[in-house]
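Notes follow the structure.
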Amino acid sequence: MPVYCKSQCGNRAVLRRPKTGDALCKECFFAAFEAEIHHTISSNQLFQPGQKIAVAASGGKDSTVLAHVLKLLNEKHNYGLDLVLLSIDEGISGYRDDSLETVKQNRDDYQMSLKILSYEELYGWTMDRIVAQIGRSNNCTFCGVFRRQALDRGAKLLQVDSIATGHNADDIAETVLMNILRGDTARLRRCTDIRTGGGEDSIPRVKPLKYSYEKDIVMYAHYKKLVYFSTECVFAPNAYRGHARAFLKDLEKVRPSVIMDIIYSGEQLRFKDTVKKPVRGTCSRCGFVSSQQPCKACVLLEGLNRGLPKLGIGKKSKGDRMIAEQNRELDLRERANLVKNDF
Amino acid sequence: MCSIGEDDFGDTGGLHAMTAGGPVQIATGGTGECQKCGQHSDDLFKVNFRSEECRDCFLNYARHKFRAALGAAKALPRDSDVLLLLDGSIESIVLLDMLHYAQTQNTFKRLHCQAKVLYLDESVVQEQQSLDIDRLQKLQDRYTPFDLFVIELGTDLSNLRPLKNYTPKTSREESDLKIKLDKLRTLSARQDYLQQQRKRFLASVAHQLNCTHVFVPSISKDLATQFLTSIALGRGGSAALDVALCDDRLDHDIKLLRPLKDLNEQEVQLYVRARNLEDLKLGPSLATYGQEKGETASLQNLTAAFVRNLQENYAATVSTVFRTGNKIAPNRHVDQDMCQQCQSPLDSLLSDTLLAIEYSRVVSLEGSKLSNHNNDLEQLSMQRLNKDDRLCHACRNVQDEYL
């Protein structure tokens, strides 16, 4: 028996939405999906008229749909926003070079300007070279830490008012679970926030797709025939976040609304007064947002440049010992040189 | 974009925090010197991260955890009346043994309280072998002077009997609880509803027996599972009370205490060995309703399987989850209305997330007819969110599943 659209428009339904269980036709789904994102943006006041917004674009489904919908809503509801695309080139051949082509396609399709910042120009290292030095373990740490800061640097360069990222509801629910599994209360506090950062010296980040299910995003991209890049990173095949993701997917099969329930639970969590709160400041070396001194990006970069790539991995005390050891060796060598020169 | 290491997604990545440890090995004992007291022992006990110790030193250590949990929080006032829940699990027998020991000591360490024991017969909601009175009688004999009471879950409190006066029913009549459970569409909702009802029932039995406190035998692994389950069910605001030492949401001002919360599975097993306790196989324990339906049958079963898997491969992560649960506080304010089902604070009014769900429902109904009257839609979703049913979000989820 054919299933008809819930809105009683008379059309046959093409999908069932996981969030509500409603079956919708293509046109009604488009309207509902866009209306929800508009509602998220307007009820949370994510943007103000006249602002310049960087859309963090990777060429993947989330950022492609985000760019598409933001452009559409900006015109439809007169947000008055100046939208630009901001991409980070990590220097991963066979992955990022291909996906950047997709971003360039987005730039042409949506008539937005595009700024690409590369790790090479920012840090003097590409991910290919980093992986050659440190191997396949911990490489995601470098990539993630550098990208976070690279987005901040790019946003500062473009003088935007905020950065919109493509994190969807599944990502956020998964992060809630992940942070519980890791016992990371600092991140558990803020991972469900729709807006993060935005103090005096940082550019806020917003997640307009916070309440959009990954499945809806995929269906939207599919039916709208949006061009996106879906290959996984060559350096992180499946392994990362595997546990939390697989668990969430299993839960979703049992009760699709679980994703919203987990986000809601994450928002409702409160912490005892005795639990330490993170203090967000700026790195004394690079001036970008950090809760550590110096920031993780600076420590990792120092490690790479010193030839001690494991410097920022693991405990700080271990890193300090590595630096002290290297300094002692350098000192000895320098003294040996002095002695040699004396003769 | 790959979100690994993104702002809220962790600098060092989750995998590094989840270290593979392999299953916890239960040492079978050996002979040697106790590292604690220096005495030679024929049967040594080895707990992870502790050196080998003799039986007495191990028992001191395990019993101290029980006493410290109660003592540190000053959760049990002197001379309180306590009802200990015997649910058929080995943990509940360990709890009984520990409480009995703490009670019968003549030293200054004696735990001053009057204890009664309750066996909750759950055969009304789940298939189980008929209750073996002899086994219960053995327990009663071993742990005199505790009085043991028996009642069937969900029945009238007039059916509460001391063990000696109790005769198991031969014919089963459908109880109200069972009828209600059968009306719920999914196992997740049934398990959630049963858990709330069981807690309320326990409170009323405790009240009937003039007890102010109820001891339940949850250990750290159970609480890690419970914490993740509460998160998945949308009970984040009250999850703290689901895993804390003391849950004070019960009727008649009864306090539910979890004195074994700091014990892990290994310690329980070693304690069983040290005290030569017998698993009386009294029947399914509290958490087993619906387990036979398989791992993927409900959110609760999935979460339990997930934690079991963690326990086998990443044992340290289970304790991390449990400790995270220890760091959270209930989200409640003075004068806040309570959910009439689970007595958690009503929390749905100000949630953007719940509003977003209702908004999705409203726009799905409108579909492509959506025009610019968005304010009306928002009003409509607000109305749906604010309906006056005095239920929290998770209990509304259960309510929605009635056939």
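By order of appearance in the structure tokens: chains A, B, ..., then residues from 1 within every chain, and ligands from 1 in the order shown.
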Could you list, with a cut-off of 12 Å and counting only C-alpha atoms, the residues of range 259-318 of chain A near range 126-143 of chain A, each shown with its nearest atom pair and the distance in Å rounded to one decimal, rows sorted by chain and ascending number, as JSON lines?
```
{"residue": "A:Lys296", "atom": "CA", "partner": "A:Phe142", "partner_atom": "CA", "distance": 9.1}
{"residue": "A:Ala297", "atom": "CA", "partner": "A:Phe142", "partner_atom": "CA", "distance": 7.7}
{"residue": "A:Cys298", "atom": "CA", "partner": "A:Phe142", "partner_atom": "CA", "distance": 10.7}
{"residue": "A:Val299", "atom": "CA", "partner": "A:Phe142", "partner_atom": "CA", "distance": 10.3}
{"residue": "A:Leu300", "atom": "CA", "partner": "A:Phe142", "partner_atom": "CA", "distance": 6.9}
{"residue": "A:Leu301", "atom": "CA", "partner": "A:Phe142", "partner_atom": "CA", "distance": 8.7}
{"residue": "A:Glu302", "atom": "CA", "partner": "A:Phe142", "partner_atom": "CA", "distance": 11.8}
{"residue": "A:Gly303", "atom": "CA", "partner": "A:Ile134", "partner_atom": "CA", "distance": 10.6}
{"residue": "A:Leu304", "atom": "CA", "partner": "A:Ile130", "partner_atom": "CA", "distance": 7.8}
{"residue": "A:Asn305", "atom": "CA", "partner": "A:Ile130", "partner_atom": "CA", "distance": 10.6}
{"residue": "A:Arg306", "atom": "CA", "partner": "A:Gln133", "partner_atom": "CA", "distance": 11.9}
{"residue": "A:Gly307", "atom": "CA", "partner": "A:Gln133", "partner_atom": "CA", "distance": 8.7}
{"residue": "A:Leu308", "atom": "CA", "partner": "A:Ile134", "partner_atom": "CA", "distance": 9.2}
{"residue": "A:Pro309", "atom": "CA", "partner": "A:Ile134", "partner_atom": "CA", "distance": 6.2}
{"residue": "A:Lys310", "atom": "CA", "partner": "A:Ile134", "partner_atom": "CA", "distance": 7.6}
{"residue": "A:Leu311", "atom": "CA", "partner": "A:Ile134", "partner_atom": "CA", "distance": 10.9}
{"residue": "A:Gly312", "atom": "CA", "partner": "A:Phe142", "partner_atom": "CA", "distance": 9.0}
{"residue": "A:Ile313", "atom": "CA", "partner": "A:Asn138", "partner_atom": "CA", "distance": 7.6}
{"residue": "A:Gly314", "atom": "CA", "partner": "A:Asn138", "partner_atom": "CA", "distance": 10.1}
```
List as a Markdown table every residue of chain A that is in contact with chain B, defined as an atom at most 7 Å from one of its atoms (using only C-alpha atoms), together with the nearest atom pair and the distance in Å rounded to one decimal, sorted by chain and then rising number.
```
| residue | atom | partner | partner_atom | distance |
| --- | --- | --- | --- | --- |
| A:Lys6 | CA | B:Leu365 | CA | 5.8 |
| A:Ser7 | CA | B:Leu365 | CA | 4.3 |
| A:Thr20 | CA | B:Arg361 | CA | 6.1 |
| A:Asp22 | CA | B:Ser364 | CA | 6.8 |
| A:Glu27 | CA | B:Ser368 | CA | 6.0 |
| A:Cys28 | CA | B:Gly367 | CA | 4.0 |
| A:Phe29 | CA | B:Gly367 | CA | 6.7 |
| A:Ala31 | CA | B:Ser368 | CA | 5.3 |
| A:Ala32 | CA | B:Val363 | CA | 5.3 |
| A:Glu36 | CA | B:Ser360 | CA | 6.5 |
| A:Ala57 | CA | B:Met1 | CA | 6.8 |
| A:Ser58 | CA | B:Met1 | CA | 4.5 |
| A:Gly59 | CA | B:Met1 | CA | 7.0 |
| A:Gly60 | CA | B:Met1 | CA | 5.7 |
| A:Ser63 | CA | B:Met1 | CA | 6.9 |
| A:Cys140 | CA | B:Ile4 | CA | 6.6 |
| A:Thr141 | CA | B:Thr12 | CA | 5.2 |
| A:Gly144 | CA | B:Gly5 | CA | 3.8 |
| A:Val145 | CA | B:Gly5 | CA | 5.6 |
| A:Arg148 | CA | B:Glu6 | CA | 5.6 |
| A:Thr175 | CA | B:Phe9 | CA | 6.4 |
| A:Met178 | CA | B:Gly14 | CA | 6.8 |
| A:Ile180 | CA | B:Val321 | CA | 5.8 |
| A:Leu181 | CA | B:Val321 | CA | 5.4 |
| A:Arg182 | CA | B:Ala17 | CA | 5.8 |
| A:Gly183 | CA | B:Thr324 | CA | 5.3 |
| A:Arg187 | CA | B:Asp8 | CA | 5.8 |
| A:Cys191 | CA | B:Asp8 | CA | 5.3 |
| A:Tyr211 | CA | B:Ala356 | CA | 6.9 |
| A:Tyr240 | CA | B:Leu15 | CA | 6.5 |
| A:Arg241 | CA | B:Gly14 | CA | 6.2 |
| A:Leu251 | CA | B:Leu299 | CA | 5.9 |
| A:Val254 | CA | B:Ser298 | CA | 6.2 |
| A:Val258 | CA | B:Ala232 | CA | 6.0 |
| A:Asp261 | CA | B:Gly234 | CA | 4.3 |
| A:Ile262 | CA | B:Ala232 | CA | 5.2 |
| A:Tyr264 | CA | B:Thr353 | CA | 6.1 |
| A:Ser265 | CA | B:Gly236 | CA | 3.6 |
| A:Gly266 | CA | B:Gly236 | CA | 6.1 |
| A:Gln268 | CA | B:Gly237 | CA | 4.6 |
| A:Leu269 | CA | B:Gly237 | CA | 5.4 |
| A:Arg270 | CA | B:Ala329 | CA | 5.3 |
| A:Phe271 | CA | B:Ile328 | CA | 4.1 |
| A:Lys272 | CA | B:Ala329 | CA | 5.1 |
| A:Val275 | CA | B:Lys327 | CA | 6.5 |
```
Check: How far is it from CA of Leu59 in chain B to CA of Ala304 in chain B, in Å with one decimal?
Finding: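 It comes out at 28.7 Å.
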List as JSON lines every residue of range 115-219 of chain B that is in contact with range 259-276 of chain B, defined as an atom at most 10 Å from one of its atoms (using only C-alpha atoms), together with the nearest atom pair and the distance in Å rounded to one decimal, sorted by chain and then rising number.
```
{"residue": "B:Phe215", "atom": "CA", "partner": "B:Pro259", "partner_atom": "CA", "distance": 7.0}
{"residue": "B:Val216", "atom": "CA", "partner": "B:Pro259", "partner_atom": "CA", "distance": 7.5}
{"residue": "B:Pro217", "atom": "CA", "partner": "B:Leu260", "partner_atom": "CA", "distance": 6.1}
{"residue": "B:Ser218", "atom": "CA", "partner": "B:Lys261", "partner_atom": "CA", "distance": 5.9}
{"residue": "B:Ile219", "atom": "CA", "partner": "B:Lys261", "partner_atom": "CA", "distance": 4.4}
```
Those same residues - C-alpha atoms - I'd like them written as a compact mmCIF listing (two decimals), in the first residue's frame.
```
# COMPACT_ATOMS: atom_id res chain seq x y z
CA PHE B 215 19.60 -0.50 50.22
CA VAL B 216 19.92 -1.69 46.64
CA PRO B 217 22.85 -3.80 45.43
CA SER B 218 24.04 -1.81 42.39
CA ILE B 219 27.79 -2.00 41.76
```
Just to confirm, what's the straight-line distance from CA of Leu250 in chain B to CA of Leu160 in chain B in Å (one decimal)?
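Straight-line distance from CA of Leu250 in chain B to CA of Leu160 in chain B works out to 19.4 Å.
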*Skip Ala54 in chain A itself and residues of its chain fewer than 6 positions away, then list as number ranges by chain all residues within 12 Å of it, counting only C-alpha atoms.*
A: 47, 63, 66-67, 70-71, 81-87, 112-116, 151-166, 203-207
For this session: Determine which residues of range 189-361 of chain B receive a DSSP assignment of helix (DSSP H, G or I), computed from the backbone, and state them as a ChimeraX atom specification.
Result: /B:189-208,220-233,236-243,251-253,265-275,286-288,291-293,299-313,315-327,352-361
Closest to Phe66 in chain B among B:Asp389, B:Asp43, B:Asp251, B:Asp97, using only C-alpha atoms?
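Among B:Asp389, B:Asp43, B:Asp251, B:Asp97, it is B:Asp97 that comes nearest to Phe66 in chain B.
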Quick check for you: according to DSSP on this backbone, which residues of range 212-317 of chain B are classed as strand (DSSP E or B)? Reply as a list in words.
His213, Val214, Phe215, Cys246, Asp247, Lys255, Leu256 and Leu257 of chain B
Atom pair CA of Leu85 in chain B + CA of Lys169 in chain B, distance 20.8 Å
